[in-house]
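Here's model-v6.tsv, which has TSV, N, CA and C atoms:
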```tsv
chain	number	residue	atom	x	y	z
P	97	MET	N	74.21	95.81	155.76
P	97	MET	CA	75.43	95.18	155.32
P	97	MET	C	76.24	94.79	156.56
P	98	LYS	N	76.62	93.53	156.63
P	98	LYS	CA	77.41	93.06	157.77
P	98	LYS	C	78.83	93.58	157.66
P	99	ARG	N	79.42	93.93	158.79
P	99	ARG	CA	80.79	94.43	158.81
P	99	ARG	C	81.80	93.31	158.65
P	100	VAL	N	81.57	92.18	159.30
P	100	VAL	CA	82.51	91.06	159.20
P	100	VAL	C	82.07	90.15	158.06
P	101	GLN	N	82.90	90.05	157.08
P	101	GLN	CA	82.68	89.16	155.95
P	101	GLN	C	83.60	87.96	156.14
P	102	TRP	N	83.05	86.88	156.68
P	102	TRP	CA	83.86	85.75	157.11
P	102	TRP	C	84.68	85.14	155.99
P	103	LYS	N	84.10	85.04	154.80
P	103	LYS	CA	84.85	84.45	153.69
P	103	LYS	C	86.10	85.28	153.38
P	104	SER	N	85.96	86.58	153.38
P	104	SER	CA	87.09	87.47	153.09
P	104	SER	C	88.11	87.46	154.23
P	105	LEU	N	87.61	87.42	155.46
P	105	LEU	CA	88.50	87.35	156.62
P	105	LEU	C	89.34	86.08	156.57
P	106	LEU	N	88.69	84.96	156.29
P	106	LEU	CA	89.41	83.68	156.20
P	106	LEU	C	90.35	83.65	155.00
P	107	LEU	N	89.93	84.26	153.89
P	107	LEU	CA	90.82	84.33	152.73
P	107	LEU	C	92.08	85.12	153.05
P	108	GLY	N	91.93	86.23	153.76
P	108	GLY	CA	93.10	87.02	154.16
P	108	GLY	C	94.03	86.23	155.07
P	109	ALA	N	93.46	85.52	156.04
P	109	ALA	CA	94.27	84.72	156.95
P	109	ALA	C	94.99	83.60	156.19
P	110	ALA	N	94.25	82.91	155.34
P	110	ALA	CA	94.85	81.82	154.56
P	110	ALA	C	95.93	82.35	153.62
P	111	THR	N	95.70	83.50	153.04
P	111	THR	CA	96.69	84.09	152.14
P	111	THR	C	97.99	84.36	152.87
P	112	PHE	N	97.91	84.95	154.07
P	112	PHE	CA	99.13	85.24	154.80
P	112	PHE	C	99.84	83.96	155.22
P	113	VAL	N	99.10	82.98	155.72
P	113	VAL	CA	99.72	81.73	156.18
P	113	VAL	C	100.40	81.01	155.02
P	114	VAL	N	99.71	80.89	153.90
P	114	VAL	CA	100.30	80.21	152.74
P	114	VAL	C	101.51	80.98	152.22
P	115	THR	N	101.40	82.29	152.16
P	115	THR	CA	102.52	83.12	151.73
P	115	THR	C	103.71	82.94	152.65
P	116	HIS	N	103.46	82.90	153.96
P	116	HIS	CA	104.55	82.68	154.91
P	116	HIS	C	105.19	81.31	154.71
P	117	LEU	N	104.38	80.30	154.46
P	117	LEU	CA	104.92	78.96	154.22
P	117	LEU	C	105.79	78.93	152.96
P	118	VAL	N	105.37	79.62	151.92
P	118	VAL	CA	106.17	79.70	150.69
P	118	VAL	C	107.48	80.43	150.96
P	119	VAL	N	107.40	81.54	151.70
P	119	VAL	CA	108.61	82.30	152.04
P	119	VAL	C	109.57	81.42	152.84
P	120	MET	N	109.05	80.67	153.81
P	120	MET	CA	109.92	79.79	154.60
P	120	MET	C	110.57	78.71	153.73
P	121	ARG	N	109.78	78.12	152.87
P	121	ARG	CA	110.26	77.00	152.04
P	121	ARG	C	111.32	77.45	151.03
P	122	THR	N	111.17	78.64	150.51
P	122	THR	CA	112.05	79.11	149.43
P	122	THR	C	113.01	80.20	149.90
P	123	TRP	N	113.17	80.35	151.21
P	123	TRP	CA	113.93	81.46	151.78
P	123	TRP	C	115.33	81.56	151.21
P	124	ALA	N	116.08	80.49	151.21
P	124	ALA	CA	117.47	80.54	150.75
P	124	ALA	C	117.57	80.76	149.24
P	125	MET	N	116.59	80.27	148.49
P	125	MET	CA	116.65	80.34	147.03
P	125	MET	C	116.13	81.68	146.48
P	126	TRP	N	114.96	82.13	146.95
P	126	TRP	CA	114.33	83.31	146.38
P	126	TRP	C	114.67	84.60	147.11
P	127	PHE	N	114.86	84.48	148.40
P	127	PHE	CA	114.98	85.67	149.23
P	127	PHE	C	116.39	85.76	149.80
P	128	ASP	N	116.58	86.65	150.70
P	128	ASP	CA	117.90	86.95	151.26
P	128	ASP	C	118.57	85.72	151.85
P	129	GLY	N	117.88	84.98	152.70
P	129	GLY	CA	118.43	83.79	153.31
P	129	GLY	C	119.42	84.05	154.42
P	130	GLN	N	119.76	85.30	154.69
P	130	GLN	CA	120.75	85.65	155.71
P	130	GLN	C	120.13	85.66	157.11
P	131	ARG	N	118.88	86.03	157.22
P	131	ARG	CA	118.20	86.15	158.51
P	131	ARG	C	117.13	85.08	158.61
P	132	GLU	N	116.37	85.16	159.69
P	132	GLU	CA	115.25	84.24	159.87
P	132	GLU	C	114.20	84.48	158.78
P	133	PRO	N	113.53	83.43	158.31
P	133	PRO	CA	112.51	83.61	157.29
P	133	PRO	C	111.28	84.32	157.84
P	134	TRP	N	111.15	85.57	157.50
P	134	TRP	CA	109.99	86.39	157.87
P	134	TRP	C	109.85	87.43	156.77
P	135	PHE	N	108.64	87.73	156.38
P	135	PHE	CA	108.43	88.55	155.19
P	135	PHE	C	109.02	89.95	155.30
P	136	LEU	N	109.21	90.48	156.49
P	136	LEU	CA	109.81	91.81	156.63
P	136	LEU	C	111.34	91.78	156.61
P	137	ASN	N	111.92	90.60	156.57
P	137	ASN	CA	113.39	90.47	156.57
P	137	ASN	C	114.01	90.50	155.18
P	138	SER	N	113.20	90.66	154.16
P	138	SER	CA	113.70	90.70	152.79
P	138	SER	C	112.77	91.57	151.95
P	139	GLY	N	113.34	92.46	151.17
P	139	GLY	CA	112.53	93.29	150.29
P	139	GLY	C	111.71	92.46	149.32
P	140	ARG	N	112.30	91.41	148.79
P	140	ARG	CA	111.57	90.54	147.86
P	140	ARG	C	110.41	89.84	148.56
P	141	ALA	N	110.62	89.43	149.80
P	141	ALA	CA	109.55	88.77	150.55
P	141	ALA	C	108.42	89.75	150.86
P	142	VAL	N	108.78	91.02	151.11
P	142	VAL	CA	107.75	92.05	151.32
P	142	VAL	C	106.91	92.19	150.06
P	143	TRP	N	107.57	92.31	148.91
P	143	TRP	CA	106.84	92.45	147.64
P	143	TRP	C	105.99	91.22	147.34
P	144	PHE	N	106.53	90.03	147.58
P	144	PHE	CA	105.79	88.80	147.33
P	144	PHE	C	104.54	88.75	148.20
P	145	THR	N	104.68	89.04	149.48
P	145	THR	CA	103.54	89.03	150.40
P	145	THR	C	102.53	90.11	150.00
P	146	ALA	N	103.02	91.29	149.68
P	146	ALA	CA	102.12	92.39	149.29
P	146	ALA	C	101.33	92.02	148.04
P	147	LEU	N	101.99	91.44	147.05
P	147	LEU	CA	101.29	91.06	145.82
P	147	LEU	C	100.26	89.96	146.07
P	148	CYS	N	100.56	89.04	146.95
P	148	CYS	CA	99.59	88.00	147.29
P	148	CYS	C	98.36	88.60	147.98
P	149	VAL	N	98.57	89.57	148.85
P	149	VAL	CA	97.44	90.23	149.53
P	149	VAL	C	96.65	91.08	148.53
P	150	VAL	N	97.33	91.75	147.61
P	150	VAL	CA	96.62	92.49	146.55
P	150	VAL	C	95.71	91.54	145.78
P	151	ALA	N	96.23	90.39	145.40
P	151	ALA	CA	95.44	89.42	144.64
P	151	ALA	C	94.26	88.90	145.47
P	152	ALA	N	94.48	88.61	146.74
P	152	ALA	CA	93.40	88.10	147.59
P	152	ALA	C	92.30	89.15	147.76
P	153	ALA	N	92.67	90.40	147.99
P	153	ALA	CA	91.67	91.46	148.15
P	153	ALA	C	90.91	91.69	146.84
P	154	ALA	N	91.62	91.65	145.73
P	154	ALA	CA	90.96	91.82	144.44
P	154	ALA	C	89.98	90.68	144.18
P	155	LEU	N	90.39	89.46	144.47
P	155	LEU	CA	89.48	88.32	144.27
P	155	LEU	C	88.26	88.41	145.17
P	156	ALA	N	88.47	88.71	146.44
P	156	ALA	CA	87.34	88.82	147.37
P	156	ALA	C	86.39	89.92	146.93
P	157	SER	N	86.93	91.05	146.54
P	157	SER	CA	86.09	92.17	146.11
P	157	SER	C	85.36	91.86	144.81
P	158	ALA	N	86.01	91.15	143.91
P	158	ALA	CA	85.38	90.82	142.64
P	158	ALA	C	84.30	89.75	142.80
P	159	TRP	N	84.58	88.72	143.60
P	159	TRP	CA	83.65	87.60	143.73
P	159	TRP	C	82.46	87.89	144.61
P	160	TRP	N	82.69	88.55	145.75
P	160	TRP	CA	81.66	88.61	146.77
P	160	TRP	C	81.03	89.98	146.95
P	161	ALA	N	81.56	91.01	146.35
P	161	ALA	CA	81.02	92.35	146.54
P	161	ALA	C	80.06	92.70	145.41
P	162	GLY	N	78.92	93.28	145.78
P	162	GLY	CA	77.95	93.68	144.77
P	162	GLY	C	78.10	95.13	144.34
P	163	ASN	N	78.75	95.94	145.19
P	163	ASN	CA	78.91	97.36	144.86
P	163	ASN	C	80.25	97.86	145.42
P	164	ARG	N	80.50	99.14	145.24
P	164	ARG	CA	81.80	99.71	145.64
P	164	ARG	C	82.02	99.65	147.15
P	165	GLY	N	81.00	99.95	147.90
P	165	GLY	CA	81.13	99.91	149.35
P	165	GLY	C	81.47	98.51	149.85
P	166	GLU	N	80.79	97.52	149.28
P	166	GLU	CA	81.08	96.14	149.66
P	166	GLU	C	82.47	95.72	149.22
P	167	ALA	N	82.93	96.24	148.10
P	167	ALA	CA	84.28	95.89	147.63
P	167	ALA	C	85.33	96.34	148.65
P	168	MET	N	85.17	97.55	149.16
P	168	MET	CA	86.12	98.05	150.15
P	168	MET	C	85.97	97.29	151.47
P	169	LEU	N	84.76	96.91	151.82
P	169	LEU	CA	84.53	96.14	153.04
P	169	LEU	C	85.20	94.77	152.95
P	170	HIS	N	85.08	94.13	151.80
P	170	HIS	CA	85.74	92.83	151.62
P	170	HIS	C	87.27	93.00	151.68
P	171	GLY	N	87.77	94.06	151.09
P	171	GLY	CA	89.21	94.31	151.17
P	171	GLY	C	89.68	94.53	152.59
P	172	ALA	N	88.89	95.26	153.38
P	172	ALA	CA	89.24	95.50	154.78
P	172	ALA	C	89.23	94.19	155.57
P	173	ASN	N	88.30	93.31	155.24
P	173	ASN	CA	88.24	92.02	155.92
P	173	ASN	C	89.42	91.13	155.53
P	174	VAL	N	89.84	91.19	154.28
P	174	VAL	CA	91.04	90.45	153.87
P	174	VAL	C	92.24	90.96	154.67
P	175	ALA	N	92.35	92.27	154.79
P	175	ALA	CA	93.46	92.85	155.56
P	175	ALA	C	93.39	92.42	157.02
P	176	ALA	N	92.21	92.46	157.61
P	176	ALA	CA	92.07	92.06	159.02
P	176	ALA	C	92.46	90.60	159.22
P	177	GLY	N	92.02	89.74	158.32
P	177	GLY	CA	92.39	88.32	158.43
P	177	GLY	C	93.88	88.11	158.28
P	178	ALA	N	94.49	88.82	157.35
P	178	ALA	CA	95.94	88.69	157.14
P	178	ALA	C	96.71	89.20	158.35
P	179	VAL	N	96.26	90.30	158.94
P	179	VAL	CA	96.95	90.84	160.13
P	179	VAL	C	96.80	89.88	161.31
P	180	LEU	N	95.62	89.34	161.50
P	180	LEU	CA	95.44	88.37	162.58
P	180	LEU	C	96.33	87.15	162.39
P	181	ALA	N	96.42	86.66	161.16
P	181	ALA	CA	97.30	85.53	160.87
P	181	ALA	C	98.76	85.91	161.08
P	182	MET	N	99.13	87.13	160.68
P	182	MET	CA	100.50	87.59	160.87
P	182	MET	C	100.86	87.62	162.34
P	183	ILE	N	99.96	88.11	163.17
P	183	ILE	CA	100.21	88.14	164.61
P	183	ILE	C	100.33	86.72	165.16
P	184	GLY	N	99.46	85.83	164.70
P	184	GLY	CA	99.54	84.43	165.14
P	184	GLY	C	100.85	83.77	164.75
P	185	VAL	N	101.29	83.98	163.52
P	185	VAL	CA	102.56	83.41	163.06
P	185	VAL	C	103.71	84.02	163.83
P	186	LEU	N	103.67	85.31	164.05
P	186	LEU	CA	104.73	86.00	164.79
P	186	LEU	C	104.84	85.45	166.21
P	187	ILE	N	103.72	85.23	166.86
P	187	ILE	CA	103.73	84.67	168.22
P	187	ILE	C	104.28	83.25	168.19
P	188	SER	N	103.92	82.47	167.17
P	188	SER	CA	104.36	81.08	167.12
P	188	SER	C	105.86	80.94	166.84
P	189	VAL	N	106.46	81.88	166.11
P	189	VAL	CA	107.89	81.79	165.83
P	189	VAL	C	108.73	82.52	166.87
P	190	GLY	N	108.09	83.23	167.77
P	190	GLY	CA	108.80	84.01	168.78
P	190	GLY	C	108.82	85.46	168.39
P	191	PRO	N	108.09	86.31	169.11
P	191	PRO	CA	107.90	87.68	168.67
P	191	PRO	C	109.14	88.56	168.73
P	192	GLY	N	110.09	88.25	169.57
P	192	GLY	CA	111.27	89.10	169.67
P	192	GLY	C	110.99	90.37	170.45
P	193	THR	N	111.97	91.22	170.51
P	193	THR	CA	111.84	92.42	171.35
P	193	THR	C	111.17	93.58	170.65
P	194	ILE	N	111.13	93.58	169.33
P	194	ILE	CA	110.53	94.71	168.61
P	194	ILE	C	109.19	94.34	167.98
P	195	PHE	N	108.49	93.37	168.59
P	195	PHE	CA	107.25	92.90	167.98
P	195	PHE	C	106.21	93.99	167.76
P	196	PRO	N	106.07	95.02	168.61
P	196	PRO	CA	105.07	96.05	168.28
P	196	PRO	C	105.38	96.77	166.96
P	197	ILE	N	106.66	97.01	166.70
P	197	ILE	CA	107.06	97.67	165.46
P	197	ILE	C	106.83	96.74	164.28
P	198	VAL	N	107.14	95.46	164.47
P	198	VAL	CA	106.93	94.47	163.41
P	198	VAL	C	105.45	94.39	163.06
P	199	ILE	N	104.60	94.36	164.07
P	199	ILE	CA	103.16	94.30	163.83
P	199	ILE	C	102.68	95.57	163.12
P	200	LEU	N	103.17	96.71	163.55
P	200	LEU	CA	102.78	97.98	162.93
P	200	LEU	C	103.18	98.04	161.45
P	201	PHE	N	104.44	97.74	161.15
P	201	PHE	CA	104.89	97.78	159.76
P	201	PHE	C	104.22	96.70	158.91
P	202	GLY	N	104.10	95.51	159.47
P	202	GLY	CA	103.44	94.43	158.74
P	202	GLY	C	101.99	94.76	158.44
P	203	ALA	N	101.30	95.31	159.44
P	203	ALA	CA	99.90	95.68	159.25
P	203	ALA	C	99.75	96.79	158.22
P	204	ALA	N	100.67	97.74	158.22
P	204	ALA	CA	100.62	98.82	157.23
P	204	ALA	C	100.79	98.27	155.81
P	205	ILE	N	101.73	97.36	155.63
P	205	ILE	CA	101.95	96.76	154.31
P	205	ILE	C	100.71	95.98	153.87
P	206	VAL	N	100.15	95.20	154.77
P	206	VAL	CA	98.96	94.41	154.45
P	206	VAL	C	97.77	95.32	154.14
P	207	LEU	N	97.58	96.36	154.93
P	207	LEU	CA	96.44	97.26	154.71
P	207	LEU	C	96.54	97.99	153.38
P	208	VAL	N	97.71	98.51	153.06
P	208	VAL	CA	97.89	99.21	151.78
P	208	VAL	C	97.70	98.24	150.61
P	209	SER	N	98.26	97.05	150.75
P	209	SER	CA	98.13	96.05	149.68
P	209	SER	C	96.68	95.66	149.46
P	210	SER	N	95.96	95.46	150.54
P	210	SER	CA	94.56	95.10	150.44
P	210	SER	C	93.74	96.24	149.82
P	211	ALA	N	94.05	97.46	150.21
P	211	ALA	CA	93.35	98.62	149.63
P	211	ALA	C	93.60	98.71	148.13
P	212	VAL	N	94.82	98.46	147.71
P	212	VAL	CA	95.13	98.49	146.28
P	212	VAL	C	94.31	97.44	145.53
P	213	GLY	N	94.27	96.22	146.07
P	213	GLY	CA	93.48	95.16	145.42
P	213	GLY	C	92.02	95.51	145.32
P	214	SER	N	91.45	96.06	146.38
P	214	SER	CA	90.03	96.44	146.36
P	214	SER	C	89.78	97.63	145.45
P	215	LEU	N	90.70	98.58	145.42
P	215	LEU	CA	90.52	99.75	144.55
P	215	LEU	C	90.55	99.38	143.08
P	216	ILE	N	91.34	98.38	142.72
P	216	ILE	CA	91.36	97.92	141.33
P	216	ILE	C	89.98	97.42	140.93
P	217	VAL	N	89.36	96.63	141.81
P	217	VAL	CA	88.03	96.08	141.52
P	217	VAL	C	86.96	97.17	141.62
P	218	LEU	N	87.15	98.10	142.53
P	218	LEU	CA	86.18	99.17	142.75
P	218	LEU	C	85.85	99.92	141.47
P	219	LEU	N	86.81	100.06	140.60
P	219	LEU	CA	86.61	100.77	139.34
P	219	LEU	C	85.54	100.11	138.45
P	220	PHE	N	85.34	98.81	138.66
P	220	PHE	CA	84.43	98.06	137.81
P	220	PHE	C	83.10	97.72	138.49
P	221	LYS	N	82.92	98.18	139.72
P	221	LYS	CA	81.69	97.87	140.46
P	221	LYS	C	80.72	99.04	140.37
P	222	PRO	N	79.41	98.77	140.41
P	222	PRO	CA	78.43	99.86	140.42
P	222	PRO	C	78.43	100.55	141.78
P	223	ASN	N	77.86	101.75	141.81
P	223	ASN	CA	77.75	102.48	143.08
P	223	ASN	C	76.87	101.71	143.96
```
What is this file in C-alpha cells?
Amino acid sequence: MKRVQWKSLLLGAATFVVTHLVVMRTWAMWFDGQREPWFLNSGRAVWFTALCVVAAAALASAWWAGNRGEAMLHGANVAAGAVLAMIGVLISVGPGTIFPIVILFGAAIVLVSSAVGSLIVLLFKPN
C-alpha cells in the first residue's frame, strides 16, 4: 500500500484553498469581518473549514479506500494536503509574527477534522 495517495492529497489541498476563497469572499457577511479574512480569525470560519475537511476526508475514504487501513491513510493524505495548502496560503498573505502557532493550531484543526471524516467511513469498510 502506497503511503502517498495523490488524489486524496490534492483533494485536501483543493478543499482548503476553495474553503479559504469562500471565507474571503463572504467574510463580512458570514463571519466576523473585524479582522483579516483567515479561518482562525472567526469561530464560524473554523467550523466551516473543519466541516469542509470532514467532508473531503469522508469522500476520499469512501471513494478510494478498499478497507479500514486505507480509509485512514486517505484521511491522513487529505489532512496533509490541506496543511500544505494552509501553509502556502499563509505565506502568500503574509505569515505575521505568530505563524508557527497559527500553523500548529490550523494543522491540529485540519488533522482532527480529517480523522473524524475518515472514522465515519471506517465504520462501513471491511477490515
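With all atoms listed in the file as the atoms that count, the residue of P:Ile197, P:Ala124, P:Ala109, P:Ala204 with the shortest distance to Met182 of chain P is P:Ala109.
Across the structure, atom CA of Val179 of chain P and atom CA of Lys103 of chain P are spaced 15.1 Å apart.
Distance check against Ser209 of chain P using only C-alpha atoms: of P:Gly192, P:Pro133, P:Gly108, P:Pro222, the minimum falls on P:Gly108.
Within 8 Å of His116 of chain P, once all atoms listed in the file are used and residues closer than 3 positions along the same chain are dropped, the contacting residues are Ala110, Thr111, Phe112, Val113, Val119, Met120, Arg121, Thr122, Pro133, Trp134, Phe135 and Thr145 of chain P.
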For Leu215 of chain P, the closest of P:Gln130, P:Leu186, P:Ala172, P:Trp160 counting only C-alpha atoms is P:Ala172
| query | Is there a way to get, as a PyMOL selection string, all residues within 5 Å of the point (106.4, 94.5, 157.7) in file coordinates, counting all atoms listed in the file? | reply | chain P and resi 136+201-202
Any chance you can output those residues with N, CA and C atoms as a CSV table (one decimal), in the coordinates of the input?
```
chain,number,residue,atom,x,y,z
P,136,LEU,N,109.2,90.5,156.5
P,136,LEU,CA,109.8,91.8,156.6
P,136,LEU,C,111.3,91.8,156.6
P,201,PHE,N,104.4,97.7,161.2
P,201,PHE,CA,104.9,97.8,159.8
P,201,PHE,C,104.2,96.7,158.9
P,202,GLY,N,104.1,95.5,159.5
P,202,GLY,CA,103.4,94.4,158.7
P,202,GLY,C,102.0,94.8,158.4
```
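Proximity ranking of P:Arg131, P:Ala154, P:Val174, P:Trp143 relative to Ser104 of chain P places P:Val174 first, based on only C-alpha atoms.
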Need to verify the contact set: Ala156 of chain P, 8 Å, only N, CA and C atoms, exclusion of same-chain residues closer than 6 positions in sequence. Can you return it as an mmCIF file with N, CA and C atoms, keeping the file's coordinate frame?
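Heads up, here's the output in part09.cif:
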```cif
data_model
loop_
_atom_site.group_PDB
_atom_site.id
_atom_site.type_symbol
_atom_site.label_atom_id
_atom_site.label_comp_id
_atom_site.auth_asym_id
_atom_site.auth_seq_id
_atom_site.Cartn_x
_atom_site.Cartn_y
_atom_site.Cartn_z
ATOM 1 N N LYS P 103 84.100 85.040 154.800
ATOM 2 C CA LYS P 103 84.850 84.450 153.690
ATOM 3 C C LYS P 103 86.100 85.280 153.380
ATOM 4 N N SER P 104 85.960 86.580 153.380
ATOM 5 C CA SER P 104 87.090 87.470 153.090
ATOM 6 C C SER P 104 88.110 87.460 154.230
ATOM 7 N N LEU P 107 89.930 84.260 153.890
ATOM 8 C CA LEU P 107 90.820 84.330 152.730
ATOM 9 C C LEU P 107 92.080 85.120 153.050
ATOM 10 N N VAL P 150 97.330 91.750 147.610
ATOM 11 C CA VAL P 150 96.620 92.490 146.550
ATOM 12 C C VAL P 150 95.710 91.540 145.780
ATOM 13 N N GLU P 166 80.790 97.520 149.280
ATOM 14 C CA GLU P 166 81.080 96.140 149.660
ATOM 15 C C GLU P 166 82.470 95.720 149.220
ATOM 16 N N ALA P 167 82.930 96.240 148.100
ATOM 17 C CA ALA P 167 84.280 95.890 147.630
ATOM 18 C C ALA P 167 85.330 96.340 148.650
ATOM 19 N N LEU P 169 84.760 96.910 151.820
ATOM 20 C CA LEU P 169 84.530 96.140 153.040
ATOM 21 C C LEU P 169 85.200 94.770 152.950
ATOM 22 N N HIS P 170 85.080 94.130 151.800
ATOM 23 C CA HIS P 170 85.740 92.830 151.620
ATOM 24 C C HIS P 170 87.270 93.000 151.680
ATOM 25 N N GLY P 171 87.770 94.060 151.090
ATOM 26 C CA GLY P 171 89.210 94.310 151.170
ATOM 27 C C GLY P 171 89.680 94.530 152.590
ATOM 28 N N VAL P 174 89.840 91.190 154.280
ATOM 29 C CA VAL P 174 91.040 90.450 153.870
ATOM 30 C C VAL P 174 92.240 90.960 154.670
ATOM 31 N N GLY P 213 94.270 96.220 146.070
ATOM 32 C CA GLY P 213 93.480 95.160 145.420
ATOM 33 C C GLY P 213 92.020 95.510 145.320
ATOM 34 N N SER P 214 91.450 96.060 146.380
ATOM 35 C CA SER P 214 90.030 96.440 146.360
ATOM 36 C C SER P 214 89.780 97.630 145.450
#
```
Item to complete: as a PyMOL selection string, please: all residues of segment 132-215 of chain P that backbone DSSP puts in alpha helix (DSSP H).
Response: chain P and resi 139-160+164-189+195-215
Distance query Ala203 of chain P at most 9 Å, only C-alpha atoms, self and fewer than 5 positions along chain excluded, as a PDB file with N, CA and C atoms, in the frame of the given file:
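That gives us result-v1.pdb:
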```
ATOM      1  N   ALA P 175      92.350  92.270 154.790  1.00  0.00           N
ATOM      2  CA  ALA P 175      93.460  92.850 155.560  1.00  0.00           C
ATOM      3  C   ALA P 175      93.390  92.420 157.020  1.00  0.00           C
ATOM      4  N   ALA P 176      92.210  92.460 157.610  1.00  0.00           N
ATOM      5  CA  ALA P 176      92.070  92.060 159.020  1.00  0.00           C
ATOM      6  C   ALA P 176      92.460  90.600 159.220  1.00  0.00           C
ATOM      7  N   ALA P 178      94.490  88.820 157.350  1.00  0.00           N
ATOM      8  CA  ALA P 178      95.940  88.690 157.140  1.00  0.00           C
ATOM      9  C   ALA P 178      96.710  89.200 158.350  1.00  0.00           C
ATOM     10  N   VAL P 179      96.260  90.300 158.940  1.00  0.00           N
ATOM     11  CA  VAL P 179      96.950  90.840 160.130  1.00  0.00           C
ATOM     12  C   VAL P 179      96.800  89.880 161.310  1.00  0.00           C
ATOM     13  N   MET P 182      99.130  87.130 160.680  1.00  0.00           N
ATOM     14  CA  MET P 182     100.500  87.590 160.870  1.00  0.00           C
ATOM     15  C   MET P 182     100.860  87.620 162.340  1.00  0.00           C
ATOM     16  N   VAL P 198     107.140  95.460 164.470  1.00  0.00           N
ATOM     17  CA  VAL P 198     106.930  94.470 163.410  1.00  0.00           C
ATOM     18  C   VAL P 198     105.450  94.390 163.060  1.00  0.00           C
ATOM     19  N   VAL P 208      97.710  98.510 153.060  1.00  0.00           N
ATOM     20  CA  VAL P 208      97.890  99.210 151.780  1.00  0.00           C
ATOM     21  C   VAL P 208      97.700  98.240 150.610  1.00  0.00           C
TER      22      VAL P 208
END
```
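Straight-line separation from atom CA of Ser188 of chain P to atom CA of Cys148 of chain P: 21.5 Å.
For the pair atom CA of Leu180 of chain P and atom CA of Leu200 of chain P, the separation is 12.1 Å.
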Of P:Leu105, P:Phe195, P:Val149, P:Gly190, the one nearest to Ala211 of chain P when counting only N, CA and C atoms is P:Val149
